[in-house]
Every structure is written in C-alpha cells, then in structure tokens.
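Okay, so here's the structure we're looking at.
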Amino acid sequence: MQRERIEAWCELYNARLGSVFEELDESGRRADRPLLEQAMQRIELGLSDGIIVAVLSRFGRSLADSTAHLARIEAAGGTFISVQEQFDLSTDHGRLMLRHMLAYDEYESDRIRSNWDEARRRATARGVHNGPYAPVGYRRRADGRLRVDYRKAEHVRDAFAMRAEGASLADVGRYLRASGVRTGRGTMVWEPSAVERMLASRVYLGEIHTGPYVCVNAHPALVDLVTWRLARHQPARRTVPPRPGLLYGILRCASCRSYLTMWSGRSDGIDRMYRCARKLKQRGACPHRAWVTASTMDALAEDLLFAAARRRPQIARKTQAALLRAEGDLVVAEERLVRYRDNDRLLEVLDEDQYLAGLAVRAEAAREATGELQYLRSASAGVDAIRLRGVERRWPTMDLAERRAALACVFDAIFLDPHRGAVEDRVWICERGEAPSALPVPGRPRSPRAFAFPTAARKLSRQRRRIMAARRHGWDDTEIERRLKAFINGRDVFPTPQQLIGAGERRLYDHVELRGGGPLWASRLGVSFDQGKRAKLLRWTEDRVRNELSAFLADRDQWPTLAEFHACGKTQLWRAVGRLGGIELWADRFGLPMSNFRGPHLAWSEERIETELRRLIAGRTAWPRRREFSAAGLDGCYAALWRGAGVPAWAKRMGVTPPPPCRGGRKPSRHREPTASTPELVPG
C-alpha cells in the first residue's frame, strides 16, 4: 500500500521513481538502518535527487536522528517528501511542522514501548510463558501459564540425566528422537544445537525469563538445580593420550598443589620417578618441586588402597558425604549468583564495571562448584563399576585405567613433601572428602600455593593409623624374602629390574625398592648384586656396614654429615649406607638424630631459626658471612634459610643490611618475608 501511494505521487508530479528500498522488521528508532544508509549515500553521490516516504514515521521515530538525516539530505542538495503529510521544507512553517511531527512520532514510539514493557512485566509476574511455542515437556494453559506434559516430561528428565552423566549432545538427540519426542517446532530433527538450547533453558527449573523480568516458581520444575547445572557444565572432550603413571591425578606436590607427572630416565621404564612439572607456567613456577621414586610411591599407594578396602562401608559413607557437601556448595553458589544478578538495587550503588566484576566472580564460583561435583560424581561412579571387594586379588589383572579408578574411589589426593626422607614421612593422605577445595586441575590453572601438613593431634593420629595399616597389610620383610627366594630359585645373582618386571613381578620390585633396595636384599640373601655401575658396592654387605658404622659412630650423639664422612675417609661407607637401606634406616637403627642436611627437616623450625639468628647477629648491623655460620656450627640453619623465605627476607626481618648478591652464587627461588600465616614455606 505504501509503494502504491509513492508511485501515485510520482505519476501526479511527473517524477521518476528510482531505487525502492523496502525495510522489513526494522525499528524506526534505529539510526543505523542499512537500507536507509544506502539511500542517503545515493543522494550524497548525486545518483538520486531525494527521498520519498509514504508516512513520516517510516523515515524515523527519533527526533535527533531524523533531524541529522534531513541535514545530510539538505547539505547534499537533495529533497525530502512525505506523501501523507505534504511538507514544504522550503518554508519556515513547513520545517516547524516537520519537527513537531517527528517529536510526536518519537513520543508515540516511547508510549508503545512503555506499554509493551509493562505488559511483559505483568505477564511475567503472573507466570505467563511469553514464547512462540511451549517448551518440550510442557503445554500452554488457557491463561498462558505452563503445565507439565507427563508423556514427554520423563524423557526430558532422562535427557538431562544423560547429559549430566557425560553423554554427548548427539547421544541425547538420538535418545529423544528414538523416544518419539518432537521439538517445540513440532519436528523430529534434534540437532546438537537444539539439544543444547533445551538444556540451557531455565524454564525447566520452574522459572520464567522475559527480558529483565524473572518469575521464580512460575510452574512445576522438571529437573533440580544440581542436575541442570551438571548438564550445562559438560566440558569439551579432548582426545589426548592418557598420562603415564599409576598415581597421576592423585599425587600432588605439597609446594604448589599441582599434579606430579611420570618421568623415566630409561626407555625400558626402569628408574621411573614422579616429579612436579610446574617449571614456568602462566600462573607461576613451583617454589620447591617435589619428586619421588615411582616404585616406592606406587608400592605405598597399593598398600594404602588394600588396607582401605577393608573399610568399605566407611569409604562409602565418606563418598556420600562428600557428594552431599558438593551438591550443597553448588546450590549455595547458584543462589548467590541469582540473588546478585536479579538485585536491581545494586545498579544504583555500583557502576557497570563493578557490577560485571562481581557477577563474573559469582559465576566463576558456580562453575568451580559444578566442576568439583562433576569430579566427585565421576570418581564415585567407580565404586559401582569397580568394587573394592577383592581388589587385591584382581589387582594383577586390572589395567591402568581400572587401577586409577579404584584408587580414585578411596583417595582425593596424596600430597608429597619436597624434602628428603622416608616416603611414609613425606606424604599426607586425603581420603574422600578430606582434600582442600579449589585444587588446580588441567584447564583450571591456579597460582602455586603450599599445602601445610595439619598439626592437629587427631589428624596426625589418623595419618599414623593409615600408614600402620598399610604396613600391616603390605608385604613384610619375611614375605618379600620368601618371594625373592622363590624367584631366584637357587641362582647366585640378584635379579635385575628388567627381569622382575618382565616376569610380571612389578609389585615385588616396588616392595624391594620400598624396603631398602636391591643391594640390601642381595646382602640378606647372600647373592651377588651385579648390575652395571653398582657392582663396586658388592663387597659391602649389611653386616659390614653395621660393623663399620658401630666403630665410626662411637661417642657421637648425632648422625654425621657428608663432610664428616669425607673427612674421615668414609666416603665408600656413606655410599654403601645409601644403597643398603638409606640414611634414615641406619640412623634409626643406631638411635641417632639426623642433621639438617639429610632426612626429614625437623631440626630447624621458624622459632629456632630466629633464636639462633638473634644470638649470632647480636650487636651487628650487617648480615654475617657464610663462614661465620660454619664457625658457629649453624650450617643447618644457613641451609634452612635458603629453603624458606631466603636470606634477604630474614635480613630485613632481623633489621640488618642484607648481603650483596654474588655472581654465580646460589640465589633464592623467591623473596618473601616469613610471616606467621605462611609457616609451610619454612620447613619445620
């Protein structure tokens, strides 16, 4: 109709109609309409003499924008004609009337918008679903509200449950299609995008969202908040090969809380170790990377698992409690997010950037809570798939994935202290529900933060009970000796690691390494230990080491340092001690405490360091030299300084001038002043 009126005007005034632009579904309030811009460019290029519209409101409904467009037309030498209003823009009266009509059109547009906005607000408050069709699983009532379509609702719930358990969007679409469920448009085509839109809709939580207006509990919900969140939070699947190592994903570095990865120095897999790989990452490097021999750590983890398998009811209760706690955390995080998002008063006291920053923090907390619940659900699913009952009997026939799943049924994390010592003294075991929250995982990096081993008497006693149970359940010396004798079977040479592992005796090899090493057991069995470079230790037996140490340690009240071994010509004895059980074992046998250079670093706490430093620095203004520490017998204190906050931080704390940095000398990994809130950074 508008085109007919324009053509009639052109025929009446003998004007030639050039290009015709028909705008469909475009608001007259927009100043950047593409077709209007093309018409303006034709006038400015001289291709057209002006613009003709049937009604003035079709040109624009904004006084400022329409006036700007008319100024552009006049500047280009063009003309503007409205067929209905018949304005004469060559006169002042005509231009005045044009401005009045444009202002009235803008007022009319504002009135319509306000009425429509008020209608949407009232409809949303009543719980009316303002959409072209009812969502799948619902039907629209006569008053516009939704009611449950029970025939489809069960399939919708199953679709959410499938997605929450890890099914792909395509699998969910195939299920809905096989169940005869049609989309809201009435088709059977369930594309992944359609499934994703359905799973993302909050209408299935009983909510109605219309623009800025929200109505909670507008109709019965089909799914709960936890299931809806899990279905929404499924991460993209990455086809990456599984990481080697039995304890990958469980063993963590106590200095930065990151995973320990497997590293092997040989192609045959012998001499493997777990080590913290956090060198240079986006959120910082590990200040003190931990590492441990894989054979000893795997053997301890297996014994811990087999001992915990006898407490199956307790593990099941812990798993259930952890799931309930994670679900509660997710509900709380989601409620905080919704309350913040729907609080209009916040916009009155916060600017836009502050509001968006707060919204991002709460959304990230909800995502983290959802990820934690997903991890717990995926791990606890192994309780049903891989029963702990009989796990020790089935262990040799289980593959790596099944063994990891069995370990994940029991342990949240095992933290490894970076300092040297017996592996049982360096680990902190976190069973189901005991690990700290917000641990770094692949795809969710975090800044390195040390894990301080708890000091509460109840927790320490629980850790000791677990280690003792693992020792009782694991192989003792008698069992290891029996199995080794059966494997050697009269030969006079101790088997190599390749022979033990190749014969399927990986666990025997791990326990040999855990309980002293090959040379110690070769000495006990009276066989040769001929394995390459280690053959020079063949002449050292356990009895000889005991006799040599008895004479060397006479009249000593502390285990000697390496320098003392060297000074007395006992270097070979020191090496034999390391091979035949380790320093900790022999120091314990002779009842001597170890210096701060070896074993668990229990000698130098922060309080003792400060006491000795104040005694040494008394009356000084400059930091003492390294030789002064040695002369005062404080070598251990000096080493503990560098393992902790570093000399510059301690010099600042003592109020003296720090030493100048020397070229080529050892520099601290970080400069941070020790405080009472970070005791884990100074070995206690």
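A note on labels: chains of the structure tokens are A, B, ... as shown, every chain counts residues from 1, and ligands are counted from 1 in their shown order.
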- strand (DSSP E) per DSSP on the backbone: members of range 425-586 of chain A, as number ranges by chain: A: 427-431
- Message: Residues near Cys276 in chain A, anyone? I mean within 9 Å using only C-alpha atoms, not counting same-chain ones fewer than 2 positions away, as a ChimeraX atom specification.
- Response: /A:252-253,256,258-262,274,278-279,286,288-291
- Task: Would you list the contacts of range 199-216 of chain A as a VMD selection string, taking every protein, DNA or RNA residue within 9 Å and counting only C-alpha atoms, but skipping same-chain residues closer than 5 positions in sequence?
- Result: chain A and resid 120 to 121 124 to 130 135 137 159 to 160 163 194 221 to 225 228 to 229 231 to 232 342
- Query: Can you list every residue in range 13-84 of chain A that DSSP puts in helix (DSSP H, G or I), as a ChimeraX atom specification?
  - Reply: /A:34-44,56-58,63-75
Same residues, N, CA, C and O atoms, output as an mmCIF file, in the first residue's frame:
data_model
loop_
_atom_site.group_PDB
_atom_site.id
_atom_site.type_symbol
_atom_site.label_atom_id
_atom_site.label_comp_id
_atom_site.auth_asym_id
_atom_site.auth_seq_id
_atom_site.Cartn_x
_atom_site.Cartn_y
_atom_site.Cartn_z
ATOM 1 N N PRO A 34 20.531 -0.283 7.512
ATOM 2 C CA PRO A 34 21.359 -0.424 6.302
ATOM 3 C C PRO A 34 20.713 0.174 5.055
ATOM 4 O O PRO A 34 21.386 0.858 4.273
ATOM 5 N N LEU A 35 19.418 -0.066 4.841
ATOM 6 C CA LEU A 35 18.775 0.437 3.619
ATOM 7 C C LEU A 35 18.661 1.956 3.640
ATOM 8 O O LEU A 35 18.810 2.619 2.592
ATOM 9 N N LEU A 36 18.384 2.533 4.814
ATOM 10 C CA LEU A 36 18.335 3.991 4.904
ATOM 11 C C LEU A 36 19.707 4.584 4.597
ATOM 12 O O LEU A 36 19.821 5.608 3.904
ATOM 13 N N GLU A 37 20.765 3.943 5.074
ATOM 14 C CA GLU A 37 22.113 4.436 4.803
ATOM 15 C C GLU A 37 22.434 4.358 3.309
ATOM 16 O O GLU A 37 23.097 5.251 2.755
ATOM 17 N N GLN A 38 21.972 3.312 2.621
ATOM 18 C CA GLN A 38 22.192 3.223 1.168
ATOM 19 C C GLN A 38 21.484 4.362 0.435
ATOM 20 O O GLN A 38 22.031 4.959 -0.506
ATOM 21 N N ALA A 39 20.245 4.674 0.855
ATOM 22 C CA ALA A 39 19.514 5.770 0.208
ATOM 23 C C ALA A 39 20.222 7.112 0.435
ATOM 24 O O ALA A 39 20.317 7.946 -0.487
ATOM 25 N N MET A 40 20.754 7.313 1.650
ATOM 26 C CA MET A 40 21.469 8.554 1.927
ATOM 27 C C MET A 40 22.731 8.652 1.072
ATOM 28 O O MET A 40 23.072 9.739 0.564
ATOM 29 N N GLN A 41 23.446 7.545 0.887
ATOM 30 C CA GLN A 41 24.659 7.567 0.074
ATOM 31 C C GLN A 41 24.343 7.867 -1.396
ATOM 32 O O GLN A 41 25.137 8.539 -2.081
ATOM 33 N N ARG A 42 23.196 7.389 -1.905
ATOM 34 C CA ARG A 42 22.829 7.701 -3.297
ATOM 35 C C ARG A 42 22.630 9.207 -3.480
ATOM 36 O O ARG A 42 23.009 9.773 -4.504
ATOM 37 N N ILE A 43 22.033 9.859 -2.490
ATOM 38 C CA ILE A 43 21.828 11.303 -2.594
ATOM 39 C C ILE A 43 23.165 12.030 -2.534
ATOM 40 O O ILE A 43 23.427 12.960 -3.313
ATOM 41 N N GLU A 44 24.046 11.617 -1.627
ATOM 42 C CA GLU A 44 25.338 12.284 -1.492
ATOM 43 C C GLU A 44 26.224 12.056 -2.699
ATOM 44 O O GLU A 44 27.087 12.891 -3.001
ATOM 45 N N LEU A 56 5.589 9.814 7.412
ATOM 46 C CA LEU A 56 6.781 10.365 8.046
ATOM 47 C C LEU A 56 7.390 9.390 9.054
ATOM 48 O O LEU A 56 8.609 9.306 9.189
ATOM 49 N N SER A 57 6.541 8.630 9.769
ATOM 50 C CA SER A 57 7.071 7.706 10.784
ATOM 51 C C SER A 57 7.903 6.599 10.164
ATOM 52 O O SER A 57 8.701 5.967 10.858
ATOM 53 N N ARG A 58 7.721 6.340 8.840
ATOM 54 C CA ARG A 58 8.550 5.322 8.183
ATOM 55 C C ARG A 58 9.980 5.810 7.978
ATOM 56 O O ARG A 58 10.895 5.010 7.787
ATOM 57 N N LEU A 63 13.630 12.093 17.009
ATOM 58 C CA LEU A 63 13.746 13.473 16.565
ATOM 59 C C LEU A 63 15.198 13.826 16.244
ATOM 60 O O LEU A 63 15.487 14.412 15.202
ATOM 61 N N ALA A 64 16.118 13.447 17.107
ATOM 62 C CA ALA A 64 17.517 13.807 16.889
ATOM 63 C C ALA A 64 18.077 13.119 15.644
ATOM 64 O O ALA A 64 18.737 13.755 14.803
ATOM 65 N N ASP A 65 17.816 11.811 15.488
ATOM 66 C CA ASP A 65 18.367 11.086 14.343
ATOM 67 C C ASP A 65 17.729 11.550 13.030
ATOM 68 O O ASP A 65 18.427 11.718 12.016
ATOM 69 N N SER A 66 16.429 11.766 13.047
ATOM 70 C CA SER A 66 15.766 12.205 11.809
ATOM 71 C C SER A 66 16.233 13.599 11.398
ATOM 72 O O SER A 66 16.428 13.879 10.204
ATOM 73 N N THR A 67 16.428 14.475 12.382
ATOM 74 C CA THR A 67 16.924 15.818 12.067
ATOM 75 C C THR A 67 18.330 15.743 11.467
ATOM 76 O O THR A 67 18.663 16.476 10.514
ATOM 77 N N ALA A 68 19.164 14.851 11.997
ATOM 78 C CA ALA A 68 20.510 14.695 11.445
ATOM 79 C C ALA A 68 20.461 14.178 10.012
ATOM 80 O O ALA A 68 21.226 14.629 9.139
ATOM 81 N N HIS A 69 19.573 13.228 9.714
ATOM 82 C CA HIS A 69 19.452 12.716 8.349
ATOM 83 C C HIS A 69 18.944 13.803 7.392
ATOM 84 O O HIS A 69 19.411 13.902 6.243
ATOM 85 N N LEU A 70 17.983 14.626 7.855
ATOM 86 C CA LEU A 70 17.475 15.698 6.991
ATOM 87 C C LEU A 70 18.567 16.725 6.706
ATOM 88 O O LEU A 70 18.643 17.283 5.598
ATOM 89 N N ALA A 71 19.428 16.970 7.695
ATOM 90 C CA ALA A 71 20.533 17.898 7.467
ATOM 91 C C ALA A 71 21.498 17.347 6.421
ATOM 92 O O ALA A 71 22.037 18.098 5.585
ATOM 93 N N ARG A 72 21.743 16.039 6.440
ATOM 94 C CA ARG A 72 22.611 15.430 5.430
ATOM 95 C C ARG A 72 21.987 15.561 4.039
ATOM 96 O O ARG A 72 22.672 15.852 3.047
ATOM 97 N N ILE A 73 20.656 15.360 3.941
ATOM 98 C CA ILE A 73 19.986 15.482 2.642
ATOM 99 C C ILE A 73 20.074 16.915 2.121
ATOM 100 O O ILE A 73 20.365 17.164 0.939
ATOM 101 N N GLU A 74 19.836 17.884 2.998
ATOM 102 C CA GLU A 74 19.882 19.289 2.582
ATOM 103 C C GLU A 74 21.295 19.685 2.181
ATOM 104 O O GLU A 74 21.501 20.427 1.213
ATOM 105 N N ALA A 75 22.308 19.186 2.928
ATOM 106 C CA ALA A 75 23.691 19.520 2.592
ATOM 107 C C ALA A 75 24.101 18.937 1.247
ATOM 108 O O ALA A 75 24.935 19.508 0.527
#
Which residues of range 453-549 of chain A have any atom within 6 Å of an atom in range 578-587 of chain A when counting only C-alpha atoms, and what is the closest pair of atoms for each, with the distance in Å to one decimal? Order the rows by chain and rising number and write it as CSV.
residue,atom,partner,partner_atom,distance
A:Gly516,CA,A:Gly581,CA,3.8
A:Pro519,CA,A:Leu580,CA,5.7
A:Leu520,CA,A:Leu580,CA,4.4
- Message: Could you list, as a VMD selection string, every residue within 9 Å of Ala170 in chain A, counting only C-alpha atoms and ignoring same-chain residues fewer than 6 positions away?
- Response: chain A and resid 190 to 192 195
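The gap separating CA of Trp642 in chain A from CA of Gly655 in chain A is 17.9 Å, in Å to one decimal.
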- Item | Residue among A:Val55, A:Val493, A:Glu85, A:Leu247 lying closest to Leu400 in chain A, counting only C-alpha atoms |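 Nearest to Leu400 in chain A: A:Leu247.
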Excluding same-chain residues fewer than 6 positions from range 479-490 of chain A, what lies within 8 Å of it counting only C-alpha atoms, as a JSON list (two decimals) with all heavy atoms, in the first residue's frame?
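Output contents, as saved in part03.json:
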[["chain", "number", "residue", "atom", "x", "y", "z"],
["A", 508, "LEU", "N", 56.55, -56.92, 43.38],
["A", 508, "LEU", "CA", 57.69, -57.39, 44.15],
["A", 508, "LEU", "C", 58.86, -56.41, 44.00],
["A", 508, "LEU", "O", 59.54, -56.08, 44.98],
["A", 508, "LEU", "CB", 58.09, -58.79, 43.69],
["A", 508, "LEU", "CG", 59.35, -59.39, 44.33],
["A", 508, "LEU", "CD1", 59.19, -59.47, 45.85],
["A", 508, "LEU", "CD2", 59.65, -60.75, 43.74],
["A", 511, "HIS", "N", 58.18, -53.31, 46.10],
["A", 511, "HIS", "CA", 58.37, -53.51, 47.54],
["A", 511, "HIS", "C", 59.85, -53.68, 47.90],
["A", 511, "HIS", "O", 60.27, -53.31, 48.99],
["A", 511, "HIS", "CB", 57.56, -54.72, 48.02],
["A", 511, "HIS", "CG", 56.12, -54.39, 48.28],
["A", 511, "HIS", "ND1", 55.20, -54.23, 47.28],
["A", 511, "HIS", "CD2", 55.45, -54.17, 49.44],
["A", 511, "HIS", "CE1", 54.02, -53.93, 47.79],
["A", 511, "HIS", "NE2", 54.14, -53.90, 49.11],
["A", 512, "VAL", "N", 60.62, -54.26, 46.99],
["A", 512, "VAL", "CA", 62.06, -54.34, 47.23],
["A", 512, "VAL", "C", 62.65, -52.93, 47.32],
["A", 512, "VAL", "O", 63.46, -52.63, 48.21],
["A", 512, "VAL", "CB", 62.74, -55.17, 46.12],
["A", 512, "VAL", "CG1", 64.25, -54.99, 46.17],
["A", 512, "VAL", "CG2", 62.40, -56.64, 46.27],
["A", 521, "TRP", "N", 68.80, -56.36, 49.89],
["A", 521, "TRP", "CA", 68.20, -57.70, 49.84],
["A", 521, "TRP", "C", 69.18, -58.71, 49.26],
["A", 521, "TRP", "O", 69.15, -59.90, 49.63],
["A", 521, "TRP", "CB", 66.91, -57.66, 49.04],
["A", 521, "TRP", "CG", 65.80, -57.00, 49.80],
["A", 521, "TRP", "CD1", 65.38, -55.72, 49.68],
["A", 521, "TRP", "CD2", 65.04, -57.58, 50.85],
["A", 521, "TRP", "NE1", 64.38, -55.46, 50.57],
["A", 521, "TRP", "CE2", 64.14, -56.60, 51.31],
["A", 521, "TRP", "CE3", 65.02, -58.84, 51.46],
["A", 521, "TRP", "CZ2", 63.23, -56.83, 52.34],
["A", 521, "TRP", "CZ3", 64.11, -59.08, 52.47],
["A", 521, "TRP", "CH2", 63.23, -58.08, 52.91],
["A", 525, "LEU", "N", 70.18, -62.11, 51.25],
["A", 525, "LEU", "CA", 70.03, -63.43, 50.65],
["A", 525, "LEU", "C", 71.36, -64.08, 50.33],
["A", 525, "LEU", "O", 71.39, -65.24, 49.89],
["A", 525, "LEU", "CB", 69.19, -63.31, 49.37],
["A", 525, "LEU", "CG", 67.74, -62.82, 49.55],
["A", 525, "LEU", "CD1", 67.06, -62.68, 48.20],
["A", 525, "LEU", "CD2", 66.96, -63.75, 50.46]]
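Note that CA of Ala469 in chain A and CA of Ala307 in chain A are 6.0 Å apart.
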- Task: Tell me, in Å to one decimal, how far CA of Arg310 in chain A is from CA of Lys459 in chain A.
- Result: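 Interatomic distance here is 20.2 Å.
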Got a sec: who's within 12 Å of Pro454 in chain A, counting only C-alpha atoms, leaving out chain neighbours fewer than 6 positions off, as a CSV table (one decimal) with all heavy atoms, in the first residue's frame?
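Generated output (out09.csv):
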chain,number,residue,atom,x,y,z
A,254,ALA,N,53.3,-30.8,47.5
A,254,ALA,CA,52.9,-30.0,48.6
A,254,ALA,C,53.3,-28.5,48.5
A,254,ALA,O,52.8,-27.7,49.2
A,254,ALA,CB,53.5,-30.6,49.9
A,415,PHE,N,49.4,-35.7,49.1
A,415,PHE,CA,50.4,-34.6,48.9
A,415,PHE,C,51.8,-35.1,49.3
A,415,PHE,O,51.9,-35.9,50.3
A,415,PHE,CB,50.0,-33.5,49.8
A,415,PHE,CG,48.8,-32.7,49.3
A,415,PHE,CD1,47.5,-33.0,49.8
A,415,PHE,CD2,48.9,-31.7,48.4
A,415,PHE,CE1,46.4,-32.3,49.4
A,415,PHE,CE2,47.8,-31.0,47.9
A,415,PHE,CZ,46.6,-31.3,48.4
A,427,VAL,N,54.4,-38.0,53.0
A,427,VAL,CA,53.1,-37.9,52.3
A,427,VAL,C,52.0,-37.6,53.4
A,427,VAL,O,52.2,-37.8,54.6
A,427,VAL,CB,52.7,-39.3,51.7
A,427,VAL,CG1,53.7,-39.6,50.6
A,427,VAL,CG2,52.7,-40.4,52.7
A,428,TRP,N,51.0,-36.9,52.8
A,428,TRP,CA,49.8,-36.7,53.6
A,428,TRP,C,48.6,-37.2,52.8
A,428,TRP,O,48.4,-36.8,51.7
A,428,TRP,CB,49.6,-35.2,53.9
A,428,TRP,CG,48.4,-35.0,54.9
A,428,TRP,CD1,47.1,-34.7,54.5
A,428,TRP,CD2,48.5,-35.0,56.3
A,428,TRP,NE1,46.4,-34.6,55.6
A,428,TRP,CE2,47.2,-34.8,56.7
A,428,TRP,CE3,49.5,-35.2,57.2
A,428,TRP,CZ2,46.8,-34.7,58.1
A,428,TRP,CZ3,49.2,-35.2,58.5
A,428,TRP,CH2,47.9,-35.0,59.0
A,429,ILE,N,47.9,-38.1,53.4
A,429,ILE,CA,46.8,-38.9,52.6
A,429,ILE,C,45.5,-38.2,52.9
A,429,ILE,O,45.1,-38.0,54.0
A,429,ILE,CB,46.8,-40.3,53.1
A,429,ILE,CG1,48.2,-41.0,53.0
A,429,ILE,CG2,45.7,-41.1,52.3
A,429,ILE,CD1,48.4,-42.0,54.0
A,430,CYS,N,44.8,-37.8,51.8
A,430,CYS,CA,43.5,-37.2,51.9
A,430,CYS,C,42.5,-38.2,51.2
A,430,CYS,O,42.5,-38.4,50.0
A,430,CYS,CB,43.4,-35.9,51.1
A,430,CYS,SG,44.5,-34.6,51.8
A,434,GLU,N,38.3,-35.2,52.2
A,434,GLU,CA,39.3,-34.6,53.1
A,434,GLU,C,40.3,-33.6,52.3
A,434,GLU,O,41.0,-32.9,53.0
A,434,GLU,CB,40.2,-35.7,53.7
A,434,GLU,CG,39.4,-36.6,54.6
A,434,GLU,CD,40.2,-37.7,55.2
A,434,GLU,OE1,41.4,-37.8,54.9
A,434,GLU,OE2,39.7,-38.5,56.0
A,435,ALA,N,40.3,-33.6,51.0
A,435,ALA,CA,41.2,-32.7,50.3
A,435,ALA,C,40.7,-31.3,50.3
A,435,ALA,O,39.5,-31.0,50.4
A,435,ALA,CB,41.3,-33.2,48.8
A,436,PRO,N,41.6,-30.3,50.3
A,436,PRO,CA,41.2,-28.9,50.2
A,436,PRO,C,40.5,-28.6,48.9
A,436,PRO,O,40.7,-29.3,47.9
A,436,PRO,CB,42.5,-28.1,50.4
A,436,PRO,CG,43.6,-29.1,49.9
A,436,PRO,CD,43.1,-30.5,50.3
A,460,LEU,N,46.9,-36.1,63.0
A,460,LEU,CA,48.1,-36.8,62.9
A,460,LEU,C,47.9,-38.3,63.3
A,460,LEU,O,48.6,-39.2,62.8
A,460,LEU,CB,49.1,-36.1,63.9
A,460,LEU,CG,49.6,-34.7,63.4
A,460,LEU,CD1,50.5,-34.1,64.5
A,460,LEU,CD2,50.4,-34.9,62.1
A,461,SER,N,47.1,-38.5,64.3
A,461,SER,CA,46.9,-39.9,64.8
A,461,SER,C,46.2,-40.7,63.7
A,461,SER,O,46.5,-41.8,63.4
A,461,SER,CB,46.0,-39.9,66.0
A,461,SER,OG,45.7,-41.2,66.4
A,462,ARG,N,45.3,-40.0,62.9
A,462,ARG,CA,44.6,-40.7,61.8
A,462,ARG,C,45.6,-41.1,60.7
A,462,ARG,O,45.5,-42.2,60.1
A,462,ARG,CB,43.5,-39.8,61.3
A,462,ARG,CG,42.7,-40.5,60.2
A,462,ARG,CD,41.5,-39.6,59.8
A,462,ARG,NE,42.0,-38.3,59.3
A,462,ARG,CZ,41.2,-37.2,59.1
A,462,ARG,NH1,39.9,-37.3,59.4
A,462,ARG,NH2,41.7,-36.1,58.7
A,463,GLN,N,46.5,-40.2,60.4
A,463,GLN,CA,47.5,-40.5,59.4
A,463,GLN,C,48.4,-41.6,59.8
A,463,GLN,O,48.7,-42.5,59.0
A,463,GLN,CB,48.4,-39.2,59.1
A,463,GLN,CG,47.6,-38.1,58.4
A,463,GLN,CD,47.4,-38.5,56.9
A,463,GLN,OE1,48.2,-38.9,56.2
A,463,GLN,NE2,46.1,-38.3,56.5
A,679,PRO,N,53.6,-20.6,57.5
A,679,PRO,CA,54.7,-21.4,58.2
A,679,PRO,C,55.1,-22.5,57.3
A,679,PRO,O,56.2,-23.1,57.5
A,679,PRO,CB,54.0,-21.9,59.4
A,679,PRO,CG,52.5,-21.9,59.1
A,679,PRO,CD,52.3,-20.8,58.1
A,680,GLU,N,54.3,-22.9,56.3
A,680,GLU,CA,54.7,-24.1,55.5
A,680,GLU,C,55.9,-23.8,54.6
A,680,GLU,O,56.5,-24.7,54.1
A,680,GLU,CB,53.5,-24.6,54.7
A,680,GLU,CG,53.1,-23.6,53.5
A,680,GLU,CD,52.1,-22.5,54.0
A,680,GLU,OE1,52.0,-22.4,55.3
A,680,GLU,OE2,51.5,-21.8,53.2
- Item | A:Gly46, A:Pro593, A:Pro244, A:Gly646 ranked by distance to Gln558 in chain A, top pick (using only C-alpha atoms) |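 Smallest separation from Gln558 in chain A among the options: A:Pro593.
Of the residues listed (A:Arg145, A:Asp425, A:Arg174, A:Glu118), A:Arg145 shows the shortest atom-to-atom separation from Asn217 in chain A; distances use only C-alpha atoms.
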Nearby residues (only C-alpha atoms) at most 12 Å from Ala15 in chain A, same-chain spacing under 5 positions excluded, as a PDB file with N, CA, C and O atoms, in the first residue's frame:
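Everything below was put into part.pdb:
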ATOM      1  N   ILE A   6       3.304   6.002  -3.068  1.00  0.00           N
ATOM      2  CA  ILE A   6       4.501   6.687  -3.579  1.00  0.00           C
ATOM      3  C   ILE A   6       4.459   6.753  -5.103  1.00  0.00           C
ATOM      4  O   ILE A   6       4.769   7.807  -5.710  1.00  0.00           O
ATOM      5  N   GLU A   7       4.088   5.654  -5.763  1.00  0.00           N
ATOM      6  CA  GLU A   7       4.018   5.653  -7.224  1.00  0.00           C
ATOM      7  C   GLU A   7       2.952   6.624  -7.725  1.00  0.00           C
ATOM      8  O   GLU A   7       3.139   7.301  -8.759  1.00  0.00           O
ATOM      9  N   ALA A   8       1.826   6.730  -7.005  1.00  0.00           N
ATOM     10  CA  ALA A   8       0.777   7.675  -7.414  1.00  0.00           C
ATOM     11  C   ALA A   8       1.279   9.118  -7.319  1.00  0.00           C
ATOM     12  O   ALA A   8       0.991   9.963  -8.189  1.00  0.00           O
ATOM     13  N   TRP A   9       2.037   9.424  -6.273  1.00  0.00           N
ATOM     14  CA  TRP A   9       2.572  10.784  -6.139  1.00  0.00           C
ATOM     15  C   TRP A   9       3.546  11.083  -7.274  1.00  0.00           C
ATOM     16  O   TRP A   9       3.546  12.194  -7.829  1.00  0.00           O
ATOM     17  N   CYS A  10       4.407  10.125  -7.635  1.00  0.00           N
ATOM     18  CA  CYS A  10       5.372  10.341  -8.715  1.00  0.00           C
ATOM     19  C   CYS A  10       4.643  10.563 -10.050  1.00  0.00           C
ATOM     20  O   CYS A  10       5.066  11.411 -10.868  1.00  0.00           O
ATOM     21  N   SER A  48      20.601  10.200  -6.837  1.00  0.00           N
ATOM     22  CA  SER A  48      19.180  10.465  -6.603  1.00  0.00           C
ATOM     23  C   SER A  48      19.028  11.911  -6.164  1.00  0.00           C
ATOM     24  O   SER A  48      19.948  12.506  -5.568  1.00  0.00           O
ATOM     25  N   ASP A  49      17.809  12.468  -6.437  1.00  0.00           N
ATOM     26  CA  ASP A  49      17.536  13.857  -6.073  1.00  0.00           C
ATOM     27  C   ASP A  49      16.916  13.992  -4.694  1.00  0.00           C
ATOM     28  O   ASP A  49      16.822  15.107  -4.168  1.00  0.00           O
ATOM     29  N   GLY A  50      16.469  12.887  -4.100  1.00  0.00           N
ATOM     30  CA  GLY A  50      15.857  12.984  -2.784  1.00  0.00           C
ATOM     31  C   GLY A  50      15.248  11.664  -2.363  1.00  0.00           C
ATOM     32  O   GLY A  50      15.411  10.624  -3.021  1.00  0.00           O
ATOM     33  N   ILE A  51      14.515  11.704  -1.234  1.00  0.00           N
ATOM     34  CA  ILE A  51      13.872  10.520  -0.652  1.00  0.00           C
ATOM     35  C   ILE A  51      12.390  10.804  -0.534  1.00  0.00           C
ATOM     36  O   ILE A  51      11.974  11.890  -0.093  1.00  0.00           O
ATOM     37  N   ILE A  52      11.563   9.815  -0.911  1.00  0.00           N
ATOM     38  CA  ILE A  52      10.108   9.901  -0.789  1.00  0.00           C
ATOM     39  C   ILE A  52       9.657   8.773   0.136  1.00  0.00           C
ATOM     40  O   ILE A  52      10.041   7.612  -0.052  1.00  0.00           O
ATOM     41  N   ILE A  81      10.434  14.221   0.855  1.00  0.00           N
ATOM     42  CA  ILE A  81       8.997  14.330   0.615  1.00  0.00           C
ATOM     43  C   ILE A  81       8.297  13.230   1.394  1.00  0.00           C
ATOM     44  O   ILE A  81       8.688  12.059   1.333  1.00  0.00           O
TER      45      ILE A  81
END
